[in-house]
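Engineer: I'd like to ask some things about the structure below.
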Amino acid sequence: MRIVYFTHSLRSCWNHGNAHFLRGVLSELVERGHQVEVFEPERAWSLANMLADHGEAALEPFRQAYPELQSRTYQRPEEGAGHAFGADLVIVHEWNDPKLVAAVGRVRRRGGRFSLLFHDTHHRAVSAAQDMRAYDLSEYDGVLAFGAALVDVYRRWGWGDRVFVWHEAADMRRFRPPAHEGEREGLVWIGNWGDGERSRELVEYLLEPARDAALPLDIYGVRYPATAKHALQQFGAYYHGWLPNAAAPDIFASHLATVHVPRRFYAKALPGIPTIRVFEALACGIPLVSAPWDDREHLFRVGEDFLMVRNGAEMTRTLRDLKNDPALRESLARSGLESIRKRHTCAHRVEELLSIVERMRAPELESAA
C-alpha cells in the first residue's frame, strides 16, 4: 500500500510524545514493504522549539535511529492535502491545523479513493471538547483512538462502530533491554512538566518519595518553568533538560527503576490510557512504579508487570523495597517485558491497523462485487 501520514512533526520529539509511537509504527510498515510518506508543516512548533534550544545537531539522534524514515514539509494546508491523491491509506493526526484536516477531507470528496482515518492521541476530546468538535471530519471513514475511554467519547459524538481502539506501543527495534547489564543506580523520570496537569502529583509521587527513599533522582524533559526547576533543586533532583527519545533506552539501562505519573486527565477523565512511556519503559526492562490509574482494559498485569501505589507514602515504601530487593526488580523487569513482547509492540499495532483498514473496506468491496 501507499500510506500517507500527516503529522505535526516526525523529526522532533520535543514535547511531542506522538512522534515516539509514530516512528515505530511507520518503521514497521516500511519493513513490511509498504510505501510510506510523511508530511509535516513548515515551522512546526515542536521542531522550532527543539532547534531553538539545541540547534541542527538535535536532529541527528532521529536520523541515526530511523534512517528509513523521512518527512516532507508543506507551507499551506491545501498544498499538503494534495499529497493524499493516489494513496491507498491516509492518516491525519489530531495535532494538525484544523484547516489541514478539512483540506484532506476535501481531497477525498473530490475523488480520492483512499481510506481516510483521523488519529487521536490526546485528552483534548474531554479537556477542550469544543475545539475538537470543530474539526471537519465529515469525509473521514473512521477514527483511531488511543484508548477505550476515548472511543466512548467519539461514539457519543455519533461515530458508532467507525471508531477503533488503537493503543500506543513500544518500538522493540529500539526500545529493548541492554545487551549487557552494567551498573544501575538511582531513579529516573523522563517527562515534561507541561501545563500544571500533574504538578502536585509529581511532588507527591516522585520528588518526595525519591528524597525520602534516599534514591538519587535524574529528571529529563522540557517546559520546566523556573518554579519547577527550583522545586527540583529543593528536593535534590538532578534536572538534565531535553532528552532525544532515541536515547531513552540507554538512560533507562543505567537506573534501578522509573516512575509513571499520569496526567490528571488520564487518571480521571480518560481512565485506562497509560500513554507511551509505560510501554517504552517496560520494553527496556526497567522496573516501574506507577501513581494510581485504572487499567480497565487489562493491558497489563498490575502487581507483576509493574507496581501501582495509592499515595505518596506507599510510593516511598515501594521505592525502598525496590532499592533493597534485586529479586523484586528482576521479577518486575522480566514480567513487564514479557507483556510488551506478547501484546504491545509496534508490530502488534500494525497488524491491528491493517485489520481495521480491511474491515472498513469490506462493505465497499462487497458492493463492488
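If you're wondering about the labels, chains in the C-alpha cells are A, B, ... by order shown, residues count from 1 in each chain, ligands from 1 in order shown.
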From segment 141-179 of chain A, collect each residue whose DSSP state is helix (DSSP H, G or I) and return the set as a VMD selection string.
Structural biologist: chain A and resid 148 to 156 160 to 162
Engineer: Create the file for the chosen residues now, containing C-alpha atoms and written as a PDB file, in the first residue's frame.
Structural biologist:
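Listed below is the output, selection_37.pdb:
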```pdb
ATOM      1  CA  ALA A 148     -11.432   2.712  25.026  1.00  0.00           C
ATOM      2  CA  ALA A 149     -12.396   5.750  27.131  1.00  0.00           C
ATOM      3  CA  LEU A 150     -11.639   7.991  24.154  1.00  0.00           C
ATOM      4  CA  VAL A 151     -13.568   5.635  21.849  1.00  0.00           C
ATOM      5  CA  ASP A 152     -16.581   6.147  24.120  1.00  0.00           C
ATOM      6  CA  VAL A 153     -16.328   9.926  23.617  1.00  0.00           C
ATOM      7  CA  TYR A 154     -16.379   9.584  19.825  1.00  0.00           C
ATOM      8  CA  ARG A 155     -19.286   7.159  19.995  1.00  0.00           C
ATOM      9  CA  ARG A 156     -21.247   9.745  21.951  1.00  0.00           C
ATOM     10  CA  GLY A 160     -20.647   4.326  16.262  1.00  0.00           C
ATOM     11  CA  ASP A 161     -18.588   1.391  15.006  1.00  0.00           C
ATOM     12  CA  ARG A 162     -16.344   3.690  12.934  1.00  0.00           C
TER      13      ARG A 162
END
```
Engineer: Contacts between segment 255-260 of chain A and segment 320-348 of chain A, please, where a residue of segment 320-348 of chain A counts if it comes within 9 Å (with only C-alpha atoms); show its shortest atom pair and distance in Å to one decimal, rows by chain and ascending number, as a Markdown table.
Structural biologist:
```
| residue | atom | partner | partner_atom | distance |
| --- | --- | --- | --- | --- |
| A:Leu322 | CA | A:Ala257 | CA | 7.7 |
| A:Lys323 | CA | A:Leu256 | CA | 7.3 |
| A:Arg329 | CA | A:Leu256 | CA | 7.8 |
```
Engineer: Pull N, CA and C atoms from the residues just selected and write them as a short mmCIF file (atom, residue, chain, number, x, y, z; two decimals), in the first residue's frame.
Structural biologist:
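Heads up, here's the output in selection36.cif:
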```cif
data_model
loop_
_atom_site.label_atom_id
_atom_site.label_comp_id
_atom_site.auth_asym_id
_atom_site.auth_seq_id
_atom_site.Cartn_x
_atom_site.Cartn_y
_atom_site.Cartn_z
N LEU A 322 12.20 -1.69 46.32
CA LEU A 322 12.92 -1.91 45.06
C LEU A 322 14.41 -1.68 45.23
N LYS A 323 14.76 -0.67 45.99
CA LYS A 323 16.17 -0.34 46.21
C LYS A 323 16.91 -1.49 46.88
N ARG A 329 13.21 -6.48 41.68
CA ARG A 329 13.49 -5.71 40.47
C ARG A 329 13.56 -6.63 39.25
#
```
Engineer: Have a look at atom CA of Pro177 of chain A and atom CA of Leu319 of chain A and let me know their distance in Å, one decimal.
Structural biologist: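 Between these atoms lies a distance of 20.8 Å.
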Engineer: Name the residues in contact with Glu304 of chain A at a cut-off of 12 Å, using only C-alpha atoms, excluding same-chain residues fewer than 2 positions from it; report them as a compact mmCIF listing (two decimals) with C-alpha atoms, in the first residue's frame.
Structural biologist:
```txt
# COMPACT_ATOMS: atom_id res chain seq x y z
CA LEU A 282 8.68 -1.91 30.26
CA PRO A 287 11.20 -1.82 36.98
CA LEU A 288 8.35 0.68 37.04
CA VAL A 289 6.19 2.02 39.86
CA PHE A 300 -1.02 -5.23 31.93
CA ARG A 301 -0.78 -7.49 34.98
CA VAL A 302 -0.70 -4.87 37.70
CA PHE A 306 4.73 -3.03 37.35
CA LEU A 307 3.69 -1.90 40.83
CA MET A 308 0.91 0.59 41.44
CA LEU A 328 11.87 -7.96 43.05
CA ARG A 329 13.49 -5.71 40.47
CA GLU A 330 14.39 -8.69 38.29
CA SER A 331 10.88 -10.16 38.52
CA LEU A 332 9.19 -6.89 37.53
CA ALA A 333 11.56 -6.31 34.63
CA ARG A 334 11.02 -9.84 33.31
CA SER A 335 7.21 -9.74 33.60
CA GLY A 336 6.86 -6.26 32.13
CA LEU A 337 9.00 -7.15 29.14
CA GLU A 338 7.04 -10.36 28.62
CA SER A 339 3.73 -8.44 28.42
```
Engineer: What gap, in Å, lies between atom CA of Ala44 of chain A and atom CA of Glu352 of chain A?
Structural biologist: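 Spanning atom CA of Ala44 of chain A to atom CA of Glu352 of chain A is a straight-line distance of 29.1 Å.
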Engineer: Compare A:Leu69, A:Arg174, A:Ala269, A:Gly186 by their minimum atom-to-atom distance to Tyr238 of chain A, counting only C-alpha atoms, and give me the closest one.
Structural biologist: A:Gly186
Engineer: Ranking A:Asp295, A:Arg263, A:Glu197, A:Val4 by minimum distance to Leu29 of chain A and counting only C-alpha atoms, which one comes first?
Structural biologist: A:Val4
Engineer: As a count of residues only, list the residues of segment 206-314 of chain A assigned to strand (DSSP E) by DSSP on the backbone atoms of this structure.
Structural biologist: 15
Engineer: Atom CA of Glu181 of chain A and atom CA of Ile219 of chain A are how many Å apart?
Structural biologist: 21.6 Å
Engineer: Counting only C-alpha atoms, give me one row per residue of segment 50-98 of chain A with an atom at most 8 Å from an atom of segment 35-40 of chain A, showing the shortest contact pair and its distance in Å to one decimal, sorted by chain then residue number, as a tab-separated table.
Structural biologist:
```
residue	atom	partner	partner_atom	distance
A:Gln70	CA	A:Val38	CA	6.9
A:Ser71	CA	A:Val38	CA	4.7
A:Arg72	CA	A:Phe39	CA	4.9
A:Thr73	CA	A:Glu40	CA	4.9
A:Tyr74	CA	A:Glu40	CA	6.6
A:Gly80	CA	A:Phe39	CA	7.1
```
Engineer: Which polymer residues have any atom within 10 Å of an atom of Tyr220 of chain A, counting only C-alpha atoms, with same-chain residues fewer than 4 positions away left out, as a VMD selection string?
Structural biologist: chain A and resid 188 to 193 224 238 to 244 248 251
